[in-house]
Structures are given as structure tokens and as C-alpha cells.
>>> print(open('data.txt').read())   # compact mmCIF, C-alpha atoms and all ligand atoms
# COMPACT_ATOMS: atom_id res chain seq x y z
CA MET A 1 11.41 -152.93 2.51
CA SER A 2 9.88 -150.66 5.13
CA THR A 3 6.96 -151.34 7.43
CA ASP A 4 6.76 -148.19 9.51
CA TRP A 5 7.70 -145.41 7.10
CA THR A 6 5.87 -142.10 7.31
CA PRO A 7 6.66 -138.81 5.51
CA GLU A 8 8.37 -137.54 8.69
CA GLN A 9 11.22 -139.84 7.67
CA MET A 10 11.51 -138.19 4.28
CA PRO A 11 14.95 -136.66 3.68
CA SER A 12 14.97 -132.88 3.45
CA GLN A 13 13.70 -131.78 0.03
CA ALA A 14 15.20 -128.30 0.33
CA GLY A 15 16.53 -127.10 -3.00
CA ARG A 16 14.60 -129.77 -4.88
CA GLN A 17 12.07 -129.16 -7.62
CA VAL A 18 8.90 -131.31 -7.67
CA VAL A 19 6.00 -131.42 -10.14
CA VAL A 20 2.73 -133.04 -9.06
CA THR A 21 -0.10 -133.51 -11.54
CA GLY A 22 -3.56 -133.33 -9.99
CA ALA A 23 -2.05 -131.47 -7.04
CA ASN A 24 -5.26 -129.74 -6.01
CA SER A 25 -7.12 -132.79 -4.75
CA GLY A 26 -6.84 -136.10 -2.90
CA VAL A 27 -3.54 -137.91 -3.02
CA GLY A 28 -1.85 -135.24 -5.15
CA PHE A 29 -2.80 -132.52 -2.69
CA GLU A 30 -1.52 -134.52 0.26
CA ALA A 31 1.74 -135.27 -1.56
CA THR A 32 2.09 -131.54 -2.30
CA ARG A 33 1.63 -130.74 1.39
CA ALA A 34 4.28 -133.26 2.41
CA PHE A 35 6.80 -132.19 -0.24
CA ALA A 36 6.28 -128.54 0.74
CA ALA A 37 6.68 -129.36 4.44
CA ALA A 38 9.99 -131.06 3.61
CA GLY A 39 11.23 -127.93 1.84
CA ALA A 40 10.76 -128.69 -1.87
CA HIS A 41 9.55 -126.18 -4.39
CA VAL A 42 6.37 -127.75 -5.73
CA VAL A 43 4.72 -126.99 -9.05
CA LEU A 44 1.02 -127.76 -8.75
CA ALA A 45 0.13 -128.91 -12.27
CA VAL A 46 -3.65 -128.62 -12.36
CA ARG A 47 -6.43 -128.39 -14.91
CA SER A 48 -8.18 -125.64 -12.94
CA THR A 49 -5.83 -122.90 -11.77
CA GLU A 50 -8.60 -121.64 -9.51
CA ARG A 51 -8.68 -124.97 -7.67
CA GLY A 52 -4.88 -124.97 -7.80
CA GLN A 53 -4.70 -121.55 -6.13
CA GLU A 54 -7.09 -122.74 -3.41
CA ALA A 55 -4.82 -125.72 -2.78
CA LYS A 56 -1.77 -123.45 -2.75
CA ARG A 57 -3.43 -121.18 -0.17
CA ALA A 58 -4.32 -124.16 2.02
CA VAL A 59 -0.72 -125.44 2.01
CA ALA A 60 0.77 -121.96 2.47
CA ASP A 61 -1.56 -121.32 5.44
CA GLU A 62 -0.25 -124.48 7.07
CA TYR A 63 3.46 -124.06 6.20
CA ALA A 64 4.48 -120.42 6.17
CA GLY A 65 7.69 -121.11 4.22
CA ALA A 66 6.05 -123.27 1.56
CA SER A 67 7.39 -122.65 -1.93
CA LEU A 68 4.64 -123.32 -4.46
CA THR A 69 3.77 -122.44 -8.05
CA VAL A 70 0.43 -123.17 -9.71
CA ALA A 71 0.40 -123.93 -13.42
CA GLU A 72 -2.29 -125.07 -15.82
CA LEU A 73 -2.07 -128.59 -17.21
CA ASP A 74 -5.03 -130.32 -18.82
CA LEU A 75 -4.00 -133.89 -19.53
CA ALA A 76 -7.08 -134.26 -21.73
CA ASP A 77 -5.57 -131.84 -24.25
CA LEU A 78 -2.12 -132.41 -25.80
CA ASP A 79 -1.83 -128.71 -26.66
CA SER A 80 -2.11 -127.95 -22.96
CA VAL A 81 0.48 -130.63 -22.12
CA ARG A 82 2.91 -129.18 -24.69
CA ALA A 83 2.30 -125.64 -23.40
CA PHE A 84 2.93 -126.73 -19.80
CA ALA A 85 6.20 -128.48 -20.73
CA GLU A 86 7.35 -125.47 -22.72
CA TRP A 87 6.50 -123.11 -19.88
CA TYR A 88 8.31 -125.36 -17.40
CA ARG A 89 11.46 -125.52 -19.53
CA THR A 90 11.50 -121.73 -19.76
CA GLU A 91 10.96 -121.18 -16.02
CA PHE A 92 13.09 -123.92 -14.46
CA ASP A 93 16.26 -125.79 -15.30
CA ALA A 94 15.76 -128.79 -12.99
CA ILE A 95 13.15 -131.30 -11.97
CA HIS A 96 14.01 -133.81 -9.25
CA VAL A 97 10.61 -135.49 -8.98
CA LEU A 98 7.85 -135.74 -11.53
CA CYS A 99 4.70 -137.25 -10.02
CA ASN A 100 2.41 -138.50 -12.79
CA ASN A 101 -0.53 -138.65 -10.43
CA ALA A 102 -3.70 -137.09 -11.86
CA GLY A 103 -6.45 -139.42 -12.95
CA VAL A 104 -10.10 -140.19 -13.52
CA MET A 105 -11.86 -143.46 -12.76
CA ALA A 106 -14.84 -145.37 -14.13
CA ILE A 107 -16.51 -142.42 -15.84
CA PRO A 108 -19.05 -142.65 -18.68
CA ARG A 109 -17.32 -142.82 -22.08
CA SER A 110 -16.06 -139.49 -23.35
CA GLU A 111 -13.15 -138.29 -25.45
CA THR A 112 -10.26 -135.91 -24.93
CA ALA A 113 -9.52 -132.96 -27.22
CA ASP A 114 -7.37 -135.36 -29.28
CA ASP A 115 -10.13 -137.99 -29.59
CA PHE A 116 -8.69 -140.42 -27.06
CA GLU A 117 -11.00 -142.28 -24.70
CA THR A 118 -10.73 -140.08 -21.61
CA GLN A 119 -9.41 -142.55 -19.04
CA PHE A 120 -6.70 -143.85 -21.41
CA GLY A 121 -6.03 -140.32 -22.64
CA VAL A 122 -5.74 -138.60 -19.25
CA ASN A 123 -4.32 -141.36 -17.06
CA HIS A 124 -1.82 -142.74 -19.58
CA LEU A 125 -1.30 -140.79 -22.82
CA GLY A 126 -1.31 -137.32 -21.24
CA HIS A 127 1.37 -138.42 -18.79
CA VAL A 128 3.42 -140.03 -21.57
CA ALA A 129 3.43 -136.71 -23.45
CA LEU A 130 4.22 -134.78 -20.27
CA THR A 131 7.14 -137.03 -19.37
CA ALA A 132 8.53 -136.75 -22.91
CA GLY A 133 8.24 -132.95 -22.75
CA LEU A 134 10.17 -132.83 -19.47
CA LEU A 135 12.73 -135.55 -20.22
CA ASP A 136 15.61 -133.26 -21.18
CA THR A 137 15.14 -131.25 -18.00
CA LEU A 138 14.97 -134.44 -15.92
CA ARG A 139 18.20 -135.69 -17.51
CA ARG A 140 20.00 -132.40 -16.91
CA THR A 141 19.10 -132.37 -13.21
CA ASN A 142 21.81 -133.13 -10.68
CA GLY A 143 21.06 -135.35 -7.70
CA GLN A 144 18.47 -138.07 -7.17
CA THR A 145 15.92 -137.71 -9.96
CA ARG A 146 12.75 -139.79 -10.31
CA VAL A 147 9.61 -140.10 -12.37
CA VAL A 148 6.85 -141.63 -10.25
CA THR A 149 3.74 -142.87 -12.02
CA GLN A 150 0.59 -143.49 -10.01
CA SER A 151 -1.22 -146.70 -10.87
CA SER A 152 -3.84 -148.69 -8.96
CA GLY A 153 -4.37 -152.21 -7.65
CA VAL A 154 -7.05 -152.34 -10.35
CA HIS A 155 -4.22 -152.61 -12.93
CA GLU A 156 -4.15 -156.32 -12.05
CA ARG A 157 -7.47 -156.75 -13.88
CA GLY A 158 -6.25 -154.73 -16.86
CA ARG A 159 -5.53 -155.85 -20.41
CA ILE A 160 -4.12 -153.72 -23.20
CA ASP A 161 -6.57 -154.14 -26.06
CA PHE A 162 -4.39 -153.15 -29.02
CA GLU A 163 -7.34 -153.78 -31.38
CA ASP A 164 -9.51 -151.24 -29.58
CA LEU A 165 -7.28 -149.05 -27.40
CA GLN A 166 -9.86 -146.26 -27.28
CA SER A 167 -12.72 -148.64 -26.37
CA GLU A 168 -14.71 -147.53 -29.41
CA ALA A 169 -16.17 -150.94 -30.25
CA ASP A 170 -16.96 -151.79 -26.68
CA TYR A 171 -16.81 -149.55 -23.60
CA ASP A 172 -16.76 -150.89 -20.09
CA LYS A 173 -15.84 -148.09 -17.67
CA TRP A 174 -13.95 -150.39 -15.30
CA ALA A 175 -12.12 -152.26 -18.08
CA ALA A 176 -11.04 -148.91 -19.55
CA TYR A 177 -9.81 -147.75 -16.13
CA ALA A 178 -7.97 -151.03 -15.56
CA GLN A 179 -6.36 -150.77 -19.02
CA SER A 180 -5.19 -147.22 -18.28
CA LYS A 181 -3.75 -148.24 -14.91
CA LEU A 182 -1.96 -151.27 -16.40
CA ALA A 183 -0.60 -148.90 -19.06
CA ASN A 184 0.75 -146.71 -16.21
CA VAL A 185 2.82 -149.58 -14.81
CA LEU A 186 3.96 -150.86 -18.23
CA PHE A 187 5.03 -147.31 -19.12
CA ALA A 188 6.87 -146.77 -15.82
CA TYR A 189 8.88 -150.00 -16.25
CA GLU A 190 9.61 -149.48 -19.96
CA LEU A 191 10.71 -145.91 -19.26
CA ASP A 192 13.07 -147.20 -16.60
CA ARG A 193 14.56 -149.80 -18.95
CA ARG A 194 15.11 -147.13 -21.61
CA LEU A 195 16.65 -144.72 -19.12
CA ARG A 196 19.05 -147.48 -18.05
CA ALA A 197 19.86 -148.25 -21.67
CA ALA A 198 20.77 -144.56 -22.05
CA ASN A 199 22.84 -144.61 -18.82
CA ALA A 200 20.63 -141.79 -17.60
CA SER A 201 20.68 -140.97 -13.89
CA VAL A 202 16.88 -140.78 -13.76
CA ALA A 203 14.83 -143.62 -12.26
CA SER A 204 11.24 -144.44 -13.13
CA VAL A 205 9.07 -145.99 -10.42
CA ALA A 206 5.41 -147.05 -10.26
CA CYS A 207 3.20 -146.82 -7.21
CA HIS A 208 -0.39 -147.09 -6.03
CA PRO A 209 -2.20 -145.51 -3.06
CA GLY A 210 -4.24 -148.54 -1.98
CA TYR A 211 -7.78 -147.41 -1.29
CA ALA A 212 -7.93 -143.75 -0.24
CA ASP A 213 -10.92 -141.54 0.43
CA THR A 214 -10.73 -138.87 -2.30
CA ASN A 215 -12.86 -137.26 -5.00
CA LEU A 216 -11.87 -140.03 -7.42
CA GLN A 217 -14.77 -142.28 -6.49
CA ARG A 218 -17.33 -139.46 -6.92
CA ARG A 219 -16.64 -138.54 -10.54
CA GLY A 220 -18.11 -141.63 -12.21
CA PRO A 221 -21.44 -141.61 -10.34
CA GLU A 222 -21.67 -137.80 -10.62
CA GLN A 223 -21.12 -137.82 -14.38
CA ALA A 224 -23.57 -140.71 -14.80
CA GLY A 225 -26.08 -138.86 -12.60
CA SER A 226 -26.41 -141.88 -10.31
CA ARG A 227 -27.23 -140.82 -6.76
CA LEU A 228 -27.44 -144.44 -5.66
CA ARG A 229 -23.90 -145.23 -6.85
CA LEU A 230 -22.65 -141.99 -5.33
CA PHE A 231 -24.16 -142.98 -2.00
CA GLY A 232 -22.70 -146.49 -2.29
CA MET A 233 -19.24 -145.04 -2.99
CA GLN A 234 -19.52 -142.70 0.01
CA VAL A 235 -20.44 -145.55 2.32
CA ALA A 236 -17.63 -147.76 0.96
CA ASN A 237 -15.13 -144.91 1.38
CA ALA A 238 -16.25 -144.27 4.97
CA VAL A 239 -15.96 -147.94 5.88
CA PHE A 240 -12.97 -149.25 3.95
CA ALA A 241 -10.78 -146.39 2.72
CA GLN A 242 -7.74 -144.94 4.41
CA SER A 243 -7.26 -141.18 4.42
CA ALA A 244 -6.01 -139.34 1.35
CA GLU A 245 -3.00 -138.34 3.45
CA ARG A 246 -2.01 -141.98 3.91
CA GLY A 247 -2.83 -142.66 0.28
CA ALA A 248 -0.03 -140.26 -0.61
CA TRP A 249 2.60 -142.20 1.34
CA PRO A 250 3.53 -144.69 -1.41
CA MET A 251 4.08 -141.87 -3.92
CA LEU A 252 6.20 -139.94 -1.42
CA TYR A 253 8.17 -143.07 -0.54
CA ALA A 254 8.68 -143.94 -4.22
CA ALA A 255 9.83 -140.38 -4.89
CA THR A 256 12.28 -140.00 -2.02
CA HIS A 257 13.29 -143.20 -0.23
CA PRO A 258 16.98 -143.93 -0.85
CA ASP A 259 16.37 -147.70 -1.11
CA VAL A 260 13.90 -147.46 -3.99
CA ASP A 261 15.29 -148.45 -7.38
CA GLY A 262 13.96 -147.72 -10.82
CA GLY A 263 11.51 -150.33 -12.11
CA GLU A 264 9.97 -150.95 -8.69
CA TYR A 265 6.34 -150.81 -7.59
CA VAL A 266 5.41 -149.29 -4.24
CA GLY A 267 2.10 -149.55 -2.40
CA PRO A 268 0.61 -149.89 1.07
CA GLY A 269 1.73 -153.07 2.80
CA GLY A 270 -1.30 -153.54 5.09
CA LEU A 271 -4.65 -155.30 4.64
CA LEU A 272 -5.06 -156.46 1.01
CA ASN A 273 -2.52 -153.78 0.03
CA MET A 274 -5.35 -151.26 0.44
CA ARG A 275 -3.92 -149.44 3.46
CA GLY A 276 -0.85 -149.08 5.60
CA HIS A 277 2.78 -148.12 5.34
CA PRO A 278 4.48 -148.21 1.95
CA THR A 279 6.43 -151.25 0.82
CA GLU A 280 8.00 -152.42 -2.42
CA GLN A 281 5.62 -154.92 -4.00
CA SER A 282 5.10 -157.03 -7.11
CA SER A 283 2.70 -155.83 -9.76
CA SER A 284 0.75 -158.19 -12.03
CA ASP A 285 2.58 -160.68 -14.27
CA ARG A 286 1.22 -158.84 -17.30
CA SER A 287 2.81 -155.58 -16.18
CA TYR A 288 6.28 -157.15 -16.52
CA ASP A 289 5.59 -158.39 -20.07
CA ARG A 290 8.04 -156.59 -22.35
CA ASP A 291 6.17 -157.89 -25.39
CA VAL A 292 3.24 -155.76 -24.27
CA ALA A 293 5.29 -152.82 -22.97
CA ARG A 294 7.18 -152.29 -26.23
CA PRO A 295 4.19 -152.03 -28.60
CA LEU A 296 2.37 -149.92 -26.00
CA TRP A 297 5.36 -147.56 -25.93
CA ASP A 298 5.41 -147.34 -29.74
CA VAL A 299 1.68 -146.73 -30.11
CA SER A 300 1.74 -144.19 -27.28
CA GLU A 301 4.49 -142.25 -29.06
CA ASP A 302 2.53 -142.42 -32.33
CA LEU A 303 -0.75 -141.28 -30.78
CA THR A 304 0.76 -138.39 -28.83
CA GLY A 305 3.27 -137.40 -31.51
CA VAL A 306 6.13 -137.39 -29.02
CA GLN A 307 9.48 -139.06 -29.50
CA PHE A 308 11.54 -140.03 -26.46
CA ASP A 309 15.22 -139.63 -27.24
CA LEU A 310 16.04 -142.96 -25.54
CA PRO A 311 17.42 -146.20 -26.97
CA THR A 312 15.40 -149.41 -27.20
CA PRO A 313 16.41 -151.57 -24.23
CA THR A 314 18.09 -154.94 -24.65
CA ALA A 315 17.31 -158.05 -22.58
CA THR A 316 19.90 -156.98 -19.99
CA HIS A 317 18.17 -153.74 -19.08
N1 LIG B 1 -8.19 -142.87 -4.24
C1 LIG B 1 -7.92 -144.15 -4.44
O1 LIG B 1 -8.38 -145.03 -3.72
C2 LIG B 1 -7.06 -144.56 -5.58
C3 LIG B 1 -6.81 -145.92 -5.76
C4 LIG B 1 -5.99 -146.31 -6.79
C5 LIG B 1 -5.40 -145.38 -7.61
N2 LIG B 1 -5.67 -144.05 -7.43
C6 LIG B 1 -5.02 -143.10 -8.34
O2 LIG B 1 -4.55 -141.98 -7.62
C7 LIG B 1 -4.49 -140.83 -8.49
C8 LIG B 1 -5.04 -139.62 -7.77
O3 LIG B 1 -6.41 -139.79 -7.56
P1 LIG B 1 -7.15 -139.32 -6.22
O4 LIG B 1 -7.65 -140.53 -5.56
O5 LIG B 1 -6.32 -138.36 -5.48
O6 LIG B 1 -8.44 -138.61 -6.89
P2 LIG B 1 -8.93 -137.09 -6.95
O7 LIG B 1 -9.05 -136.53 -5.58
O8 LIG B 1 -10.13 -137.11 -7.82
O9 LIG B 1 -7.73 -136.37 -7.69
C9 LIG B 1 -7.54 -136.54 -9.08
C10 LIG B 1 -6.78 -135.36 -9.60
O10 LIG B 1 -6.61 -135.51 -11.02
C11 LIG B 1 -6.99 -134.31 -11.64
N3 LIG B 1 -7.39 -134.48 -13.02
C12 LIG B 1 -8.45 -135.15 -13.52
N4 LIG B 1 -8.53 -134.99 -14.85
C13 LIG B 1 -7.49 -134.21 -15.21
C14 LIG B 1 -7.03 -133.65 -16.42
N5 LIG B 1 -7.71 -133.82 -17.58
N6 LIG B 1 -5.92 -132.89 -16.44
C15 LIG B 1 -5.26 -132.65 -15.29
N7 LIG B 1 -5.66 -133.12 -14.08
C16 LIG B 1 -6.76 -133.88 -14.06
C17 LIG B 1 -8.14 -133.80 -10.78
O11 LIG B 1 -8.41 -132.44 -11.04
P3 LIG B 1 -9.82 -131.79 -10.64
O12 LIG B 1 -9.84 -131.66 -9.16
O13 LIG B 1 -9.79 -130.50 -11.36
O14 LIG B 1 -10.88 -132.73 -11.13
C18 LIG B 1 -7.55 -134.05 -9.41
O15 LIG B 1 -6.64 -133.02 -9.08
C19 LIG B 1 -5.23 -141.24 -9.76
O16 LIG B 1 -4.28 -141.55 -10.77
C20 LIG B 1 -5.98 -142.49 -9.37
O17 LIG B 1 -6.19 -143.38 -10.46
C21 LIG B 1 -6.48 -143.62 -6.43
>>> encode(input="data.txt", output="C-alpha cells")
Amino acid sequence: MSTDWTPEQMPSQAGRQVVVTGANSGVGFEATRAFAAAGAHVVLAVRSTERGQEAKRAVADEYAGASLTVAELDLADLDSVRAFAEWYRTEFDAIHVLCNNAGVMAIPRSETADDFETQFGVNHLGHVALTAGLLDTLRRTNGQTRVVTQSSGVHERGRIDFEDLQSEADYDKWAAYAQSKLANVLFAYELDRRLRAANASVASVACHPGYADTNLQRRGPEQAGSRLRLFGMQVANAVFAQSAERGAWPMLYAATHPDVDGGEYVGPGGLLNMRGHPTEQSSSDRSYDRDVARPLWDVSEDLTGVQFDLPTPTATH
């Protein structure tokens, strides 16, 4: 448990290989900056390489020695996820930290290239497929190796609706977001149990940024064409949100702090867990329910067509 941790306390990341999805904006961008400052080589996995190059330039301008590679990854398209993983395996033989960070929130209903509801498809299924594609490389990596999956406090309101996973019968933008963010935590914990069952030296950790001022809150109102909601979001961000830089702290802590174990959940420890220094926390009761995690795992493998080469955990894992 830490109450005063900042990224300055991060151990040197020199010689370590980090992948951050959604690295061009918000929390992912700030995490990229901090990893680069600590000496890691960071792969900015982004859906727009143009925006990725802009982010790379901004970090390189600040840290002359920054080691950064931009690569295309559209989590709304499984072909793109497969291509990214294949490219990564060809280019690199290690991955110490995989940050499953990119996301969309409360947008009008749309579908990914593979006909998944976009929030479930991008936030959860895309990251499941990505993690599966990089698993062998993660397992081959020497040294502390972690998969960190970014959730949200909103996961506490989430339910996995196995009857209507893609919200076809009924779409509520917040319920779909909450489902996707609960799926993030369930996936992170189930992955950790399976990694333990395989005696793998990779840990899987979940985290959330609290409430951080980023582009996330803009997308829903922008896509719905609602100026009023956009204005409301801007006011709320200005009044209540912490900076995107601080929003990145839990992910950085989860990725690097020596005391963090697989299967933990890290978030800001201050007011309402919306701001402050990172601490290990409890997630919702539902997120620990293995009877939900297991079928979610199975259906996620089926939908994405990936197969994790990991054993089913027993009650002791
Ligand atoms: N900010 C908060 O208060 C808050 C609270 C709880 C949880 N979170 C979580 O934190 C994570 C990061 O969000 P943020 O706040 O930093 O928002 P952000 O500034 O909007 O960043 C989101 C990132 O995800 C990328 N992305 C969106 N769709 C993608 C796709 N199909 N393929 C690949 N990348 C895609 C975006 O790319 P583009 O720039 O190209 O759109 C952007 O880089 C999300 O998982 C979010 O759910 C944030």
C-alpha cells in the first residue's frame, strides 16, 4: 500500500520493452511519457499513426533520449490486432509491460469491423485478442513481466449480459461501457489465475485512473452531436477531474511497483477513489466472481477466434 507514490519513484525501465495501447492521448500518452523518461523502449500502439507520430514527437522533444516506436493498432478490427501482434513478434523478442489502455466511453451504438458493439469490442475483445497474440512473447521475456488492463470505477455498475453481450436488443451507452469495464477486470483476474496455473512468470493486474481530464469524455457527446452534453462534460472535467498525468499513475504503479501482485486492482486512493496517489484497492464483488469470469473467458475466445495456451485454473489459483 502506498500513499505518496509518484512516477519519480519508478525503478529504472532501461532495457525494458513496453507496449501502450491508445498511447497518443490522455492517460496512455502520459504513461508513455513516464515510461520513456524512465528509460523504457515504448511501442505506441495507436489507431492513427499520424496522431501516434505527433505524440512521439512531443515525448522526444521533452526527453532527448526517448526510445519510441509508433505502430498501427485498431482494436475495432481483429485483422488489425492480428497484424499488430504478428509485426510485434517479428520485430521484438520481449515485452515486459503490456498496457491494455485504449478505450471509448458512452458513445452512440455502433459496431466494429467484426460486428461487435464498439465499447465491448474495443475496450474488452480487442484487448483479449491482443493479449493472446502477444502471450508467447510475454512468457519468453526475462525479468518482471506484467499485463496491465485499464478499467474504470464505472465497472462497479456493470453486469455481463450473456444473453445480449453486443447490446443488440437493448442499448444503453453507459450500461455498455460499464459492462466493458467489468469485463476488463474479470479478464485481468482470470488471466492471472490461468498464468498461475501455468506457472508462468507473467502477472496480470487491473487498474483504473479515477477521474482524469482527457478526450474520453468528449467522444460520446461529439458523436451524438450534443453540444450541451459536451459543454457539461467540459465543466465537470474542469471542476472535478485530476490531470491526465495523474490519471496515468495507477497504470504506471501497477506496471512497475515491486509490491504489486498479479490479480490486484490499483487506483487513486484519494477522494472517492477519483484522484490521488495509487493504492491497491478492492474491485466490485461481481468482478471476483469466477462463475462469471470463466464463461466470459470462453465466449471472448470464441468471438475473437483466439485460443490462449493456458490451463483452466483450479480453486487454489
Ligand atoms: N479519463 C478518465 O476519467 C477515465 C476514467 C476511467 C477509466 N478510463 C479509461 O482510461 C483509458 C484511457 O482513456 P483516456 O481517458 O486516456 O481517454 P482518451 O484521451 O480518449 O484516450 C483513449 C485512447 O484510446 C484510443 N482508441 C480509441 N478507440 C480505439 C481503437 N479502436 N483502437 C485503438 N485505439 C483506440 C484513442 O485513440 P484516438 O486518439 O485515435 O481516438 C486514444 O488514444 C480508457 O480505457 C478509459 O476507459 C478513463
>>> closest_residue(input="data.txt", among="A:Val97, A:Ala71, A:Ala58, A:Ala64", to="ligand LIG 1 (chain B)", atoms="only C-alpha atoms and all ligand atoms")
A:Ala71
>>> residues_near_ligand(input="data.txt", ligand="ligand LIG 1 (chain B)", cutoff="6 Å", atoms="all atoms listed in the file", output="PyMOL selection string")
chain A and resi 22-28+46-48+73-76+101-104+122+150-152+208-216
>>> closest_atom_pairs(input="data.txt", of="stretch 154-237 of chain A", to="stretch 112-116 of chain A", cutoff="12 Å", atoms="all atoms listed in the file", output="CSV")
residue,atom,partner,partner_atom,distance
A:Asp164,CA,A:Phe116,CA,11.1
A:Leu165,CA,A:Phe116,CA,8.8
A:Gln166,CA,A:Phe116,CA,6.0
A:Ser167,CA,A:Phe116,CA,9.2
A:Glu168,CA,A:Phe116,CA,9.6
A:Ala176,CA,A:Phe116,CA,11.6
A:Ser180,CA,A:Phe116,CA,11.6
>>> atom_distance(input="data.txt", atom1="atom CA of A:Leu195", atom2="atom CA of A:Pro311")
8.0 Å
>>> residues_around(input="data.txt", residues="A:Asp4", least_positions_apart="6", cutoff="12 Å", atoms="all atoms listed in the file", output="PDB file with C-alpha atoms, in the coordinates of the input")
ATOM      1  CA  TRP A 249       2.600-142.200   1.340  1.00  0.00           C
ATOM      2  CA  PRO A 250       3.530-144.690  -1.410  1.00  0.00           C
ATOM      3  CA  TYR A 253       8.170-143.070  -0.540  1.00  0.00           C
ATOM      4  CA  PRO A 268       0.610-149.890   1.070  1.00  0.00           C
ATOM      5  CA  GLY A 269       1.730-153.070   2.800  1.00  0.00           C
ATOM      6  CA  GLY A 270      -1.300-153.540   5.090  1.00  0.00           C
ATOM      7  CA  GLY A 276      -0.850-149.080   5.600  1.00  0.00           C
ATOM      8  CA  HIS A 277       2.780-148.120   5.340  1.00  0.00           C
ATOM      9  CA  PRO A 278       4.480-148.210   1.950  1.00  0.00           C
ATOM     10  CA  THR A 279       6.430-151.250   0.820  1.00  0.00           C
TER      11      THR A 279
END
>>> closest_residue(input="data.txt", among="A:Thr312, A:Gln9, A:Ser80, A:Thr32", to="A:Ala197", atoms="only C-alpha atoms")
A:Thr312
>>> closest_residue(input="data.txt", among="A:Asp172, A:Glu72, A:Glu264, A:Glu30", to="A:Glu50", atoms="only C-alpha atoms")
A:Glu72
>>> atom_distance(input="data.txt", atom1="atom CA of A:Leu310", atom2="atom CA of A:Gly133")
13.0 Å
>>> atom_distance(input="data.txt", atom1="atom CA of A:Pro221", atom2="atom CA of A:Leu271")
26.3 Å
